[in-house]
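Text of the file entry_12.txt, holding compact mmCIF, C-alpha atoms:
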# COMPACT_ATOMS: atom_id res chain seq x y z
CA MET A 1 0.00 0.00 0.00
CA ASP A 2 2.76 2.47 0.88
CA LEU A 3 4.42 2.03 -2.52
CA GLY A 4 1.11 2.72 -4.24
CA LEU A 5 0.65 5.90 -2.19
CA LEU A 6 4.21 6.98 -3.06
CA LEU A 7 3.44 6.54 -6.77
CA LEU A 8 0.21 8.50 -6.40
CA HIS A 9 1.46 11.44 -4.34
CA GLY A 10 4.74 11.54 -6.26
CA ALA A 11 3.14 11.62 -9.70
CA VAL A 12 0.26 13.99 -8.91
CA GLY A 13 2.53 16.28 -6.89
CA LEU A 14 5.26 16.49 -9.54
CA ILE A 15 2.73 17.11 -12.31
CA MET A 16 1.20 19.96 -10.31
CA ALA A 17 4.61 21.37 -9.37
CA GLY A 18 5.50 21.27 -13.07
CA HIS A 19 2.37 23.26 -13.93
CA GLY A 20 3.34 25.81 -11.28
CA ALA A 21 6.90 26.02 -12.65
CA GLN A 22 5.45 26.74 -16.09
CA LYS A 23 3.47 29.64 -14.67
CA LEU A 24 6.18 31.04 -12.39
CA PHE A 25 9.44 30.38 -14.22
CA GLY A 26 8.51 29.58 -17.82
CA TRP A 27 9.93 26.07 -17.43
CA PHE A 28 8.65 23.05 -19.41
CA GLY A 29 7.29 25.21 -22.22
CA GLY A 30 5.39 27.54 -19.90
CA GLN A 31 4.85 31.25 -20.34
CA GLY A 32 6.20 32.43 -17.00
CA VAL A 33 4.57 35.07 -14.85
CA GLN A 34 3.99 37.49 -17.74
CA GLY A 35 2.16 34.97 -19.91
CA THR A 36 0.22 33.66 -16.91
CA THR A 37 -0.74 37.23 -16.00
CA GLU A 38 -2.17 37.74 -19.50
CA MET A 39 -4.13 34.48 -19.27
CA VAL A 40 -5.46 35.28 -15.79
CA GLU A 41 -6.48 38.77 -16.92
CA LYS A 42 -8.44 37.35 -19.88
CA LEU A 43 -10.20 35.02 -17.47
CA GLY A 44 -11.31 37.97 -15.33
CA TRP A 45 -9.17 37.93 -12.19
CA ARG A 46 -7.87 41.30 -10.98
CA PRO A 47 -5.23 42.28 -10.09
CA ALA A 48 -4.07 39.79 -12.70
CA ARG A 49 -0.37 39.67 -11.78
CA SER A 50 -1.14 38.97 -8.11
CA PHE A 51 -3.51 36.16 -9.06
CA ALA A 52 -1.02 34.78 -11.58
CA VAL A 53 1.68 34.55 -8.92
CA LEU A 54 -0.79 33.09 -6.40
CA LEU A 55 -1.89 30.48 -8.94
CA GLY A 56 1.69 29.54 -9.77
CA LEU A 57 2.70 29.35 -6.12
CA ALA A 58 -0.31 27.22 -5.17
CA GLU A 59 0.46 24.76 -7.95
CA PHE A 60 4.23 24.75 -7.39
CA LEU A 61 4.32 24.62 -3.58
CA GLY A 62 1.18 22.50 -3.27
CA GLY A 63 2.59 20.12 -5.85
CA LEU A 64 5.99 19.89 -4.15
CA GLY A 65 4.30 19.34 -0.79
CA LEU A 66 2.18 16.57 -2.20
CA ALA A 67 5.13 15.05 -4.10
CA VAL A 68 7.22 14.60 -0.95
CA GLY A 69 4.27 14.03 1.36
CA PHE A 70 4.76 17.17 3.46
CA ALA A 71 1.72 18.70 5.19
CA SER A 72 -0.29 16.61 2.78
CA PRO A 73 -3.80 17.89 3.59
CA LEU A 74 -2.66 21.51 3.12
CA ALA A 75 -0.88 20.64 -0.12
CA ALA A 76 -4.02 18.81 -1.28
CA ALA A 77 -6.19 21.82 -0.36
CA ALA A 78 -4.03 24.15 -2.47
CA ILE A 79 -4.30 21.80 -5.44
CA ILE A 80 -8.04 21.35 -4.97
CA ALA A 81 -8.60 25.12 -4.85
CA VAL A 82 -6.56 25.85 -7.98
CA LEU A 83 -8.01 23.00 -10.01
CA ALA A 84 -11.59 23.69 -8.90
CA ASN A 85 -11.22 27.25 -10.19
CA ALA A 86 -9.71 25.99 -13.47
CA ALA A 87 -12.44 23.38 -13.87
CA TRP A 88 -15.18 25.89 -13.12
CA VAL A 89 -13.96 28.82 -15.20
CA VAL A 90 -12.06 27.27 -18.08
CA HIS A 91 -13.30 23.70 -18.56
CA ARG A 92 -16.92 23.53 -17.29
CA PRO A 93 -18.43 25.21 -20.38
CA HIS A 94 -17.01 22.36 -22.51
CA GLY A 95 -18.59 19.49 -20.58
CA LEU A 96 -16.85 16.56 -18.93
CA TRP A 97 -14.52 15.06 -21.50
CA ASN A 98 -10.97 16.29 -21.94
CA ALA A 99 -11.15 15.65 -25.70
CA ASP A 100 -13.60 18.58 -25.81
CA LEU A 101 -11.50 20.68 -23.35
CA GLY A 102 -13.79 19.59 -20.53
CA TYR A 103 -13.10 19.24 -16.81
CA GLU A 104 -12.22 15.52 -16.76
CA TYR A 105 -8.48 16.07 -16.13
CA PRO A 106 -8.73 18.68 -13.33
CA LEU A 107 -11.50 16.64 -11.70
CA THR A 108 -9.29 13.54 -11.72
CA LEU A 109 -6.43 15.45 -10.06
CA ILE A 110 -8.86 16.97 -7.51
CA VAL A 111 -10.08 13.50 -6.57
CA ALA A 112 -6.51 12.16 -6.33
CA ALA A 113 -5.44 15.07 -4.08
CA ALA A 114 -8.52 14.64 -1.90
CA ALA A 115 -7.97 10.88 -1.64
CA LEU A 116 -4.42 11.53 -0.43
CA ALA A 117 -5.73 13.94 2.20
CA PHE A 118 -8.00 11.16 3.50
CA THR A 119 -5.47 8.31 3.32
CA GLY A 120 -2.28 10.24 4.00
CA PRO A 121 0.85 9.84 1.88
CA GLY A 122 2.02 6.63 3.54
CA ARG A 123 5.36 5.54 4.95
CA TYR A 124 7.44 7.07 2.14
CA SER A 125 6.77 10.70 2.99
CA LEU A 126 8.02 13.59 5.09
CA ASP A 127 4.79 13.49 7.10
CA HIS A 128 5.68 9.95 8.18
CA ALA A 129 9.34 10.83 8.81
CA LEU A 130 8.22 13.73 11.03
CA ALA A 131 5.70 11.47 12.80
CA TRP A 132 2.84 13.70 11.66
CA ASN A 133 -0.40 11.75 11.51
CA LEU A 134 -2.20 13.99 9.03
CA SER A 135 -4.70 11.57 7.56
CA GLY A 136 -8.19 10.33 8.14
CA VAL A 137 -11.69 11.64 7.72
CA ASP A 138 -11.10 14.89 9.62
CA TRP A 139 -8.03 15.80 7.55
CA GLY A 140 -9.72 14.80 4.30
CA VAL A 141 -12.79 16.89 5.09
CA ALA A 142 -10.53 19.80 6.12
CA ALA A 143 -8.66 19.60 2.79
CA LEU A 144 -11.95 19.56 0.87
CA ALA A 145 -13.29 22.46 2.94
CA LEU A 146 -10.14 24.58 2.47
CA GLY A 147 -10.05 23.72 -1.22
CA GLY A 148 -13.72 24.63 -1.50
CA LEU A 149 -13.06 27.90 0.28
CA GLY A 150 -10.24 28.60 -2.18
CA TRP A 151 -12.62 27.90 -5.06
CA LEU A 152 -15.24 30.22 -3.54
CA CYS A 153 -12.70 33.00 -2.99
CA GLY A 154 -11.53 32.64 -6.58
CA THR A 155 -15.08 32.74 -7.88
CA VAL A 156 -15.95 35.84 -5.86
CA ALA A 157 -12.67 37.53 -6.80
CA ARG A 158 -13.52 37.23 -10.51
CA HIS A 159 -16.69 39.21 -9.94
CA VAL A 160 -15.14 42.01 -7.88
CA ARG A 161 -14.08 44.88 -10.08
CA HIS A 162 -11.03 46.80 -8.94
CA GLU A 163 -10.48 50.39 -9.93
CA HIS A 164 -7.21 51.87 -10.99
CA PRO A 165 -6.07 54.91 -8.91
CA SER A 166 -7.21 57.04 -11.87
CA GLY A 167 -10.81 55.94 -11.13
CA GLN A 168 -10.98 53.74 -14.22
CA PRO A 169 -11.66 49.98 -13.95
CA ALA A 170 -8.43 48.02 -13.86
Write the structure described by the file as structure tokens, please.
Amino acid sequence: MDLGLLLLHGAVGLIMAGHGAQKLFGWFGGQGVQGTTEMVEKLGWRPARSFAVLLGLAEFLGGLGLAVGFASPLAAAAIIAVLANAAWVVHRPHGLWNADLGYEYPLTLIVAAAALAFTGPGRYSLDHALAWNLSGVDWGVAALALGGLGWLCGTVARHVRHEHPSGQPA
């Protein structure tokens, strides 16, 4: 079981950290902060640069945390929040299936992150090495609740219009 959990938290975490590195550093064919800022602005989040950095950090640090099994429920919550916003804003209008740009892929990663919050990352993790017992129903529900709160904050933030100091909408 522990080897299976290592494969799961390692793969999901590294994939998410890679997505964050694309957004923050331009690695792996990504656009870096500037390109991410432009994307985030088109999607309606303001101030776009702040949200671009927050998005990249949540994916990068949440992914690294999940990959090494460190503070796993918090790492899972960060991933759940980011992917729930992506699924809701970008993919939901296209339906379920990834072939049609739907939310199948982010939903799968959300479920994997949530499952790890419930089960814990297993013996091959920093949580285990630090003797942190951060698993079980309470931790899983907490990760889902924090991830849901992150989704809600992201949804509300898209609808709040900020004004530039000149009085014009930003």
Determine, counting only C-alpha atoms, which protein, DNA and RNA residues have an atom within 9 Å of an atom of region 24-39 of chain A; residues of the same chain fewer than 5 positions away are not included. Present the result as a ChimeraX atom specification. /A:18-19,44,47-53,55-57,60
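Computed from the coordinates, the CA of Ala145 (chain A) to CA of Gly120 (chain A) distance equals 16.5 Å.
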Quick one: residues within 10 Å of Val68 (chain A), all atoms listed in the file counted, chain neighbours fewer than 4 positions away excluded, as a list in words? Leu6, His9, Gly10, Gly13, Leu14, Gly63, Leu64, Ser72, Pro121, Tyr124, Ser125, Leu126 and Asp127 of chain A
Counting only C-alpha atoms, the option among A:Gly20, A:Pro106, A:Gly122, A:Gly4 closest to Ser135 (chain A):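 Of the candidates, the smallest distance to Ser135 (chain A) is held by A:Gly122.
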Can you work out the spacing between CA of Pro93 (chain A) and CA of Gly62 (chain A) in Å, to one decimal? 26.2 Å
Between CA of Trp45 (chain A) and CA of Val90 (chain A), measure the distance and give it in Å to one decimal.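 These atoms are spaced 12.5 Å apart.
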For each of A:Glu41, A:Asp2, A:Glu59, A:Glu104, take the minimum atom-to-atom distance to Leu116 (chain A), counting all atoms listed in the file, then give the residue where this is smallest. A:Asp2
Calculated over all atoms listed in the file, which of the candidates A:Ala58, A:Leu3, A:Ala143, A:Ala17 has the smallest distance to Ala113 (chain A)? A:Ala143
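Using only C-alpha atoms, the residues found no farther than 12 Å from Cys153 (chain A), other than those of its own chain fewer than 2 positions away, are Trp45, Phe51, Ala81, Val82, Ala84, Asn85, Leu146, Gly147, Gly148, Leu149, Gly150, Trp151, Thr155, Val156, Ala157, Arg158, His159 and Val160 of chain A.
Take the candidates A:Ala77, A:Leu109, A:Ala115, A:Val40 and check each one against Leu5 (chain A) using only C-alpha atoms; the shortest distance goes to A:Ala115.
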Reconstruct N, CA and C atoms of region 128-156 of chain A; output as an mmCIF file, keeping the file's coordinate frame.
data_model
loop_
_atom_site.group_PDB
_atom_site.id
_atom_site.type_symbol
_atom_site.label_atom_id
_atom_site.label_comp_id
_atom_site.auth_asym_id
_atom_site.auth_seq_id
_atom_site.Cartn_x
_atom_site.Cartn_y
_atom_site.Cartn_z
ATOM 1 N N HIS A 128 5.367 11.149 7.400
ATOM 2 C CA HIS A 128 5.680 9.950 8.180
ATOM 3 C C HIS A 128 7.021 10.124 8.906
ATOM 4 N N ALA A 129 8.015 10.649 8.197
ATOM 5 C CA ALA A 129 9.340 10.830 8.810
ATOM 6 C C ALA A 129 9.285 11.789 10.001
ATOM 7 N N LEU A 130 8.383 12.763 9.937
ATOM 8 C CA LEU A 130 8.220 13.730 11.030
ATOM 9 C C LEU A 130 7.229 13.262 12.082
ATOM 10 N N ALA A 131 6.698 12.049 11.894
ATOM 11 C CA ALA A 131 5.700 11.470 12.800
ATOM 12 C C ALA A 131 4.438 12.334 12.877
ATOM 13 N N TRP A 132 4.073 12.933 11.740
ATOM 14 C CA TRP A 132 2.840 13.700 11.660
ATOM 15 C C TRP A 132 1.745 12.781 11.155
ATOM 16 N N ASN A 133 0.728 12.578 11.923
ATOM 17 C CA ASN A 133 -0.400 11.750 11.510
ATOM 18 C C ASN A 133 -1.479 12.659 10.923
ATOM 19 N N LEU A 134 -1.283 13.062 9.692
ATOM 20 C CA LEU A 134 -2.200 13.990 9.030
ATOM 21 C C LEU A 134 -3.035 13.248 7.997
ATOM 22 N N SER A 135 -3.827 12.315 8.460
ATOM 23 C CA SER A 135 -4.700 11.570 7.560
ATOM 24 C C SER A 135 -5.965 11.199 8.311
ATOM 25 N N GLY A 136 -6.916 10.731 7.556
ATOM 26 C CA GLY A 136 -8.190 10.330 8.140
ATOM 27 C C GLY A 136 -9.310 11.235 7.677
ATOM 28 N N VAL A 137 -10.494 10.925 8.151
ATOM 29 C CA VAL A 137 -11.690 11.640 7.720
ATOM 30 C C VAL A 137 -11.600 13.131 8.038
ATOM 31 N N ASP A 138 -11.170 13.474 9.243
ATOM 32 C CA ASP A 138 -11.100 14.890 9.620
ATOM 33 C C ASP A 138 -10.166 15.674 8.707
ATOM 34 N N TRP A 139 -8.980 15.109 8.423
ATOM 35 C CA TRP A 139 -8.030 15.800 7.550
ATOM 36 C C TRP A 139 -8.529 15.853 6.112
ATOM 37 N N GLY A 140 -9.168 14.799 5.655
ATOM 38 C CA GLY A 140 -9.720 14.800 4.300
ATOM 39 C C GLY A 140 -10.819 15.835 4.148
ATOM 40 N N VAL A 141 -11.710 15.895 5.123
ATOM 41 C CA VAL A 141 -12.790 16.890 5.090
ATOM 42 C C VAL A 141 -12.196 18.301 5.177
ATOM 43 N N ALA A 142 -11.169 18.481 6.007
ATOM 44 C CA ALA A 142 -10.530 19.800 6.120
ATOM 45 C C ALA A 142 -9.909 20.218 4.783
ATOM 46 N N ALA A 143 -9.250 19.292 4.095
ATOM 47 C CA ALA A 143 -8.660 19.600 2.790
ATOM 48 C C ALA A 143 -9.743 19.983 1.786
ATOM 49 N N LEU A 144 -10.833 19.231 1.773
ATOM 50 C CA LEU A 144 -11.950 19.560 0.870
ATOM 51 C C LEU A 144 -12.558 20.917 1.220
ATOM 52 N N ALA A 145 -12.711 21.185 2.511
ATOM 53 C CA ALA A 145 -13.290 22.460 2.940
ATOM 54 C C ALA A 145 -12.381 23.634 2.572
ATOM 55 N N LEU A 146 -11.083 23.504 2.833
ATOM 56 C CA LEU A 146 -10.140 24.580 2.470
ATOM 57 C C LEU A 146 -10.060 24.741 0.959
ATOM 58 N N GLY A 147 -10.040 23.645 0.239
ATOM 59 C CA GLY A 147 -10.050 23.720 -1.220
ATOM 60 C C GLY A 147 -11.319 24.363 -1.733
ATOM 61 N N GLY A 148 -12.452 24.016 -1.130
ATOM 62 C CA GLY A 148 -13.720 24.630 -1.500
ATOM 63 C C GLY A 148 -13.747 26.119 -1.198
ATOM 64 N N LEU A 149 -13.162 26.486 -0.070
ATOM 65 C CA LEU A 149 -13.060 27.900 0.280
ATOM 66 C C LEU A 149 -12.184 28.645 -0.723
ATOM 67 N N GLY A 150 -11.096 28.006 -1.148
ATOM 68 C CA GLY A 150 -10.240 28.600 -2.180
ATOM 69 C C GLY A 150 -10.980 28.780 -3.492
ATOM 70 N N TRP A 151 -11.797 27.783 -3.855
ATOM 71 C CA TRP A 151 -12.620 27.900 -5.060
ATOM 72 C C TRP A 151 -13.609 29.067 -4.908
ATOM 73 N N LEU A 152 -14.269 29.155 -3.766
ATOM 74 C CA LEU A 152 -15.240 30.220 -3.540
ATOM 75 C C LEU A 152 -14.576 31.589 -3.592
ATOM 76 N N CYS A 153 -13.429 31.726 -2.957
ATOM 77 C CA CYS A 153 -12.700 33.000 -2.990
ATOM 78 C C CYS A 153 -12.320 33.365 -4.421
ATOM 79 N N GLY A 154 -11.866 32.386 -5.181
ATOM 80 C CA GLY A 154 -11.530 32.640 -6.580
ATOM 81 C C GLY A 154 -12.727 33.050 -7.399
ATOM 82 N N THR A 155 -13.857 32.413 -7.156
ATOM 83 C CA THR A 155 -15.080 32.740 -7.880
ATOM 84 C C THR A 155 -15.547 34.151 -7.544
ATOM 85 N N VAL A 156 -15.545 34.501 -6.279
ATOM 86 C CA VAL A 156 -15.950 35.840 -5.860
ATOM 87 C C VAL A 156 -14.974 36.881 -6.407
#
